[in-house]
Structure formats: C-alpha cells, structure tokens
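Here the structure is laid out as structure tokens; the discussion comes afterwards.
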Amino acid sequence: MSMLEVRHLQKTYTTRFGGSKVEALRDVNFSVERGEYVAIMGESGSGKTTLLNILAALDKPTGGTVTLNGRVLSTLRESELAAFRRDNLGFVFQEFNLLDTFSIEDNIYLPLVLSGKRYGEMHERLLPIAKRLRIDDILKKYPYEISGGQKQRAATARALITEPQILLADEPTGALDSHSTDELLSMFADVNETGQTILMVTHSVKAASRAGRVLFIRDGEVFHQIYRGDSTSEELYAKISDTLTILAGGGEVAE
C-alpha cells in the first residue's frame, strides 16, 4: 500500500448565502510512495490549493478519502488534528512564516517545544539538519537579519526537525530570487535523496522539473502526469512546458 492514497476526492463550496455552489475538486485520484518527490501543477483555480489544504488536514473533503499510512484523515477528531499534523506533516510555505521575535534556532525548535520534547533531544535533531541546510552559522540570528533564501532554509529545517512522514511545500520558491531558488531546489533534491517524501504545489516549471513526478490538475481532476524516468531536469522542463501549453489551450495530452 502507498504511503498516501487519495481516492475520489471532492470538495464543493457553497457561497455565503447558499445561492450557488463551486466545485473546487471533482474526482481527484493519485497515490504517493514513500520517498517520492511529487510536484502538483495547474492553472489558478484548478484546485491545487484546496487539494493541499485537505492533504494538510486543514480542510475536509465533501467526498472521497485521503489516507496517510492507513489512517483516513477525515475520521480524525478535532482534538486530534493539531497533534496529527505536528507528528506526521512538515510544512514549507511561500512566506516563510517565521516569528521575528524568535531567533532562527528557536523558530526551528517551535514544533518540538509544542510537542513537549526536551532541549537535549531538540538540540541533537537540529545540528545535522542545520549543517545539511547550511544554516548552522545563523542559528542565533533573527529573521529580519537574514536573506530570503536563508529564511526559506530555516523554514525547511523547522519542517524537517519533526521527522515528518511527508513534507508539504506550497509555492516554496515563490518569494525567492533566482539564486535562492536554485539553492532551495538543490536542497530539496538532497533532502529527498535521504528518503524524505516531498509533495510540492508550484507554478514554477523550474521547481517542478526537479521532482520525480509531476501531476497536472485541471477542472478539479488529475488531468495528466509525467514521470522523470531517465530524463534530465532540462528535458523534464521541456515536457512540463509543453503540457502546460496544452492545458492552457484546453487540449488533450497524448499518452
């Protein structure tokens, strides 16, 4: 069985006064194996953000199921959700979400503090991650003292320190310059090589071309997918660009 199973996922929103309904997700089906690096792409309004929110247990589907390691997310009680997210999911957002009044070190420790870990254990977990992400020299600094790329590496460290089942990334390169983007994507690839499962929502063809598989969402469904196989990042970039062009034109992709 796959680590993550998404089956017949639907999400319908009702407008404020109940006058109409918006179908954000119609029938989404896919699975993710342990250690995979999957990118999700699609035009604005295709349902990518809704899908990510449901995978993160921040929203519940109207129909269908999301199963993580045999646990159906929609069956979790409200009192269980925060602990489930903290123990199983790591999050990397476009806007970093670091606390300016905390040092980088304390920002990274925060999820472990909330779960009641002892300082000794937190420190042991932090050191190898900080060295791998090349932020061991800025741990005592504050977010306003470092660059955007360093902030995103710190945010990634905060996500990884909980040893999550899946790292969920929402447009992680969206607020970065080209140099910081290249650094972050290389870092994600390195982290994935250690066995970390990554699921990333992105508009960036460059970001998606570093993944092992790319899923394309259109009209609330998985429209197409591309596996890296033996393709280089440059070759995958070209395939993704061609698929996005077809998506924009409303056509079908040849299998």
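Ordering of the structure tokens sets the chain letters (A, B, ...), residue numbers begin anew at 1 in every chain, and ligands are numbered from 1 in the order given.
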Contacts of segment 110-218 of chain A with segment 233-242 of chain A up to 12 Å, shortest pair per row, only C-alpha atoms, as a Markdown table:
| residue | atom | partner | partner_atom | distance |
| --- | --- | --- | --- | --- |
| A:Leu185 | CA | A:Ser233 | CA | 11.4 |
| A:Ser186 | CA | A:Ser233 | CA | 11.6 |
| A:Ala189 | CA | A:Ser233 | CA | 11.5 |
| A:His203 | CA | A:Ile240 | CA | 11.0 |
| A:Ser204 | CA | A:Tyr237 | CA | 9.9 |
| A:Val205 | CA | A:Tyr237 | CA | 6.2 |
| A:Lys206 | CA | A:Tyr237 | CA | 6.6 |
| A:Ala207 | CA | A:Tyr237 | CA | 9.0 |
| A:Ala208 | CA | A:Tyr237 | CA | 7.7 |
| A:Ser209 | CA | A:Tyr237 | CA | 5.0 |
| A:Arg210 | CA | A:Ser233 | CA | 5.9 |
| A:Ala211 | CA | A:Ser233 | CA | 8.5 |
| A:Gly212 | CA | A:Leu236 | CA | 9.4 |
| A:Arg213 | CA | A:Leu236 | CA | 9.5 |
| A:Val214 | CA | A:Ile240 | CA | 8.0 |
| A:Leu215 | CA | A:Ile240 | CA | 9.8 |
| A:Phe216 | CA | A:Ile240 | CA | 9.2 |
Find the residues around segment 107-124 of chain A up to 7 Å (only C-alpha atoms counted), leave out those fewer than 4 positions away in its own chain, and share them as a list of chain:residue names.
-> A:Arg86, A:Leu98, A:Leu99, A:Phe102, A:Ser103, A:Ala154, A:Ala157, A:Arg158, A:Thr162
Take the selection from the previous step and output its residues with C-alpha atoms, as a short mmCIF file (atom, residue, chain, number, x, y, z; two decimals), in the first residue's frame.
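Below you can see again_11.cif, which holds the result:
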data_model
loop_
_atom_site.label_atom_id
_atom_site.label_comp_id
_atom_site.auth_asym_id
_atom_site.auth_seq_id
_atom_site.Cartn_x
_atom_site.Cartn_y
_atom_site.Cartn_z
CA ARG A 86 2.66 18.09 14.10
CA LEU A 98 8.96 32.77 10.86
CA LEU A 99 8.45 34.71 14.11
CA PHE A 102 12.36 34.38 17.96
CA SER A 103 15.90 33.51 16.89
CA ALA A 154 15.25 27.88 8.17
CA ALA A 157 14.61 22.99 8.84
CA ARG A 158 11.59 23.72 11.04
CA THR A 162 9.71 16.90 13.36
#
Excluding same-chain residues fewer than 3 positions from segment 50-66 of chain A, what lies within 6 Å of it counting only C-alpha atoms, as a VMD selection string?
-> chain A and resid 5 to 11 47 72 to 73
12 Å contact set for His179 of chain A, only C-alpha atoms, chain neighbours under 5 positions out, as a list in words = Ser147, Gly148, Gly149, Gln150, Thr173, Leu184, Leu185 and Ser186 of chain A
Residues of the last selection are to be written out with C-alpha atoms, as a PDB file, in the first residue's frame.
ATOM      1  CA  SER A 147      18.153  36.821   3.459  1.00  0.00           C
ATOM      2  CA  GLY A 148      15.032  35.359   1.893  1.00  0.00           C
ATOM      3  CA  GLY A 149      16.889  32.227   0.862  1.00  0.00           C
ATOM      4  CA  GLN A 150      18.182  31.734   4.393  1.00  0.00           C
ATOM      5  CA  THR A 173      10.233  29.336  -4.365  1.00  0.00           C
ATOM      6  CA  LEU A 184      16.463  25.736  -2.355  1.00  0.00           C
ATOM      7  CA  LEU A 185      15.690  23.305  -5.188  1.00  0.00           C
ATOM      8  CA  SER A 186      19.111  21.681  -4.823  1.00  0.00           C
TER       9      SER A 186
END
Considering only helix (DSSP H, G or I) as DSSP defines it on the backbone, what residues of segment 6-221 of chain A qualify? List them as a PDB file with C-alpha atoms, in the first residue's frame.
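Written output follows (out05.pdb):
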ATOM      1  CA  LYS A  48      -4.259  22.900  -6.217  1.00  0.00           C
ATOM      2  CA  THR A  49      -4.523  24.941  -3.022  1.00  0.00           C
ATOM      3  CA  THR A  50      -7.754  23.237  -1.997  1.00  0.00           C
ATOM      4  CA  LEU A  51      -6.092  19.874  -2.510  1.00  0.00           C
ATOM      5  CA  LEU A  52      -3.073  20.863  -0.424  1.00  0.00           C
ATOM      6  CA  ASN A  53      -5.300  22.125   2.395  1.00  0.00           C
ATOM      7  CA  ILE A  54      -7.121  18.807   2.503  1.00  0.00           C
ATOM      8  CA  LEU A  55      -3.865  16.828   2.437  1.00  0.00           C
ATOM      9  CA  LEU A  73      -7.746  11.887   7.680  1.00  0.00           C
ATOM     10  CA  SER A  74     -11.459  12.704   7.666  1.00  0.00           C
ATOM     11  CA  THR A  75     -12.012  10.350  10.625  1.00  0.00           C
ATOM     12  CA  GLU A  78     -10.843  17.974  16.007  1.00  0.00           C
ATOM     13  CA  SER A  79      -8.905  17.322  19.228  1.00  0.00           C
ATOM     14  CA  GLU A  80      -6.512  15.035  17.306  1.00  0.00           C
ATOM     15  CA  LEU A  81      -5.814  17.203  14.271  1.00  0.00           C
ATOM     16  CA  ALA A  82      -3.125  19.519  15.654  1.00  0.00           C
ATOM     17  CA  ALA A  83      -1.102  16.628  17.092  1.00  0.00           C
ATOM     18  CA  PHE A  84      -1.542  14.620  13.880  1.00  0.00           C
ATOM     19  CA  ARG A  85      -0.246  17.459  11.734  1.00  0.00           C
ATOM     20  CA  ARG A  86       2.659  18.093  14.096  1.00  0.00           C
ATOM     21  CA  ASP A  87       3.671  14.419  14.234  1.00  0.00           C
ATOM     22  CA  ASN A  88       3.181  13.471  10.579  1.00  0.00           C
ATOM     23  CA  ILE A 104      16.290  31.171  13.927  1.00  0.00           C
ATOM     24  CA  GLU A 105      17.143  28.389  16.355  1.00  0.00           C
ATOM     25  CA  ASP A 106      14.011  28.963  18.419  1.00  0.00           C
ATOM     26  CA  ASN A 107      11.849  29.190  15.283  1.00  0.00           C
ATOM     27  CA  ILE A 108      13.098  25.761  14.248  1.00  0.00           C
ATOM     28  CA  TYR A 109      12.578  24.329  17.727  1.00  0.00           C
ATOM     29  CA  LEU A 110       8.982  25.599  17.971  1.00  0.00           C
ATOM     30  CA  PRO A 111       7.095  22.463  16.784  1.00  0.00           C
ATOM     31  CA  LEU A 112       9.184  20.292  19.117  1.00  0.00           C
ATOM     32  CA  VAL A 113       8.546  22.651  22.034  1.00  0.00           C
ATOM     33  CA  LEU A 114       4.819  22.375  21.351  1.00  0.00           C
ATOM     34  CA  TYR A 119      16.043  20.546  24.923  1.00  0.00           C
ATOM     35  CA  GLY A 120      18.716  17.855  24.628  1.00  0.00           C
ATOM     36  CA  GLU A 121      16.699  15.921  22.069  1.00  0.00           C
ATOM     37  CA  MET A 122      15.836  19.089  20.157  1.00  0.00           C
ATOM     38  CA  HIS A 123      19.499  20.109  20.005  1.00  0.00           C
ATOM     39  CA  GLU A 124      20.547  16.663  18.758  1.00  0.00           C
ATOM     40  CA  ARG A 125      17.972  16.815  15.990  1.00  0.00           C
ATOM     41  CA  LEU A 126      18.853  20.359  14.979  1.00  0.00           C
ATOM     42  CA  LEU A 127      22.614  20.076  14.428  1.00  0.00           C
ATOM     43  CA  PRO A 128      22.657  17.638  11.466  1.00  0.00           C
ATOM     44  CA  ILE A 129      19.718  19.395   9.788  1.00  0.00           C
ATOM     45  CA  ALA A 130      21.284  22.848  10.214  1.00  0.00           C
ATOM     46  CA  LYS A 131      24.570  21.621   8.718  1.00  0.00           C
ATOM     47  CA  ARG A 132      22.825  19.896   5.805  1.00  0.00           C
ATOM     48  CA  PRO A 143      14.609  36.514  10.716  1.00  0.00           C
ATOM     49  CA  TYR A 144      14.983  40.234   9.958  1.00  0.00           C
ATOM     50  CA  GLU A 145      18.777  39.812   9.921  1.00  0.00           C
ATOM     51  CA  GLY A 148      15.032  35.359   1.893  1.00  0.00           C
ATOM     52  CA  GLY A 149      16.889  32.227   0.862  1.00  0.00           C
ATOM     53  CA  GLN A 150      18.182  31.734   4.393  1.00  0.00           C
ATOM     54  CA  LYS A 151      14.670  32.252   5.767  1.00  0.00           C
ATOM     55  CA  GLN A 152      13.320  29.532   3.497  1.00  0.00           C
ATOM     56  CA  ARG A 153      16.099  27.152   4.520  1.00  0.00           C
ATOM     57  CA  ALA A 154      15.245  27.877   8.168  1.00  0.00           C
ATOM     58  CA  ALA A 155      11.566  27.223   7.444  1.00  0.00           C
ATOM     59  CA  THR A 156      12.534  23.931   5.797  1.00  0.00           C
ATOM     60  CA  ALA A 157      14.607  22.988   8.840  1.00  0.00           C
ATOM     61  CA  ARG A 158      11.589  23.715  11.040  1.00  0.00           C
ATOM     62  CA  ALA A 159       9.530  21.355   8.872  1.00  0.00           C
ATOM     63  CA  LEU A 160      12.148  18.592   8.848  1.00  0.00           C
ATOM     64  CA  SER A 178      16.733  33.049  -8.974  1.00  0.00           C
ATOM     65  CA  HIS A 179      19.904  32.306  -6.991  1.00  0.00           C
ATOM     66  CA  SER A 180      17.986  31.439  -3.815  1.00  0.00           C
ATOM     67  CA  THR A 181      15.532  29.387  -5.872  1.00  0.00           C
ATOM     68  CA  ASP A 182      18.358  27.276  -7.309  1.00  0.00           C
ATOM     69  CA  GLU A 183      19.805  26.768  -3.829  1.00  0.00           C
ATOM     70  CA  LEU A 184      16.463  25.736  -2.355  1.00  0.00           C
ATOM     71  CA  LEU A 185      15.690  23.305  -5.188  1.00  0.00           C
ATOM     72  CA  SER A 186      19.111  21.681  -4.823  1.00  0.00           C
ATOM     73  CA  MET A 187      18.484  21.390  -1.105  1.00  0.00           C
ATOM     74  CA  PHE A 188      15.065  19.777  -1.680  1.00  0.00           C
ATOM     75  CA  ALA A 189      16.689  17.260  -4.022  1.00  0.00           C
ATOM     76  CA  ASP A 190      19.337  16.449  -1.404  1.00  0.00           C
ATOM     77  CA  VAL A 191      16.680  16.026   1.301  1.00  0.00           C
ATOM     78  CA  ASN A 192      14.656  13.754  -0.973  1.00  0.00           C
ATOM     79  CA  GLU A 193      17.737  11.596  -1.594  1.00  0.00           C
ATOM     80  CA  VAL A 205       8.306  24.984 -14.200  1.00  0.00           C
ATOM     81  CA  LYS A 206      11.871  25.138 -12.869  1.00  0.00           C
ATOM     82  CA  ALA A 207      10.756  23.886  -9.448  1.00  0.00           C
ATOM     83  CA  ALA A 208       8.580  21.123 -10.886  1.00  0.00           C
TER      84      ALA A 208
END
Of the candidates A:Ile138, A:Met200, A:Leu247, A:Ile146, which shows the shortest atom-to-atom distance to Val32 of chain A, using only C-alpha atoms?
->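 Residue with the minimum atom-to-atom distance to Val32 of chain A: A:Met200.
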Atom pair atom CA of Ile226 of chain A / atom CA of Ile246 of chain A: separation (Å) = 13.8 Å
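The gap separating atom CA of Gln94 of chain A from atom CA of Ser2 of chain A is 27.7 Å, in Å to one decimal.
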Using only C-alpha atoms, pick whichever of A:Leu4, A:Asp137, A:Asn97, A:Thr15 has the shortest atom-to-atom distance to Phe30 of chain A.
-> A:Leu4
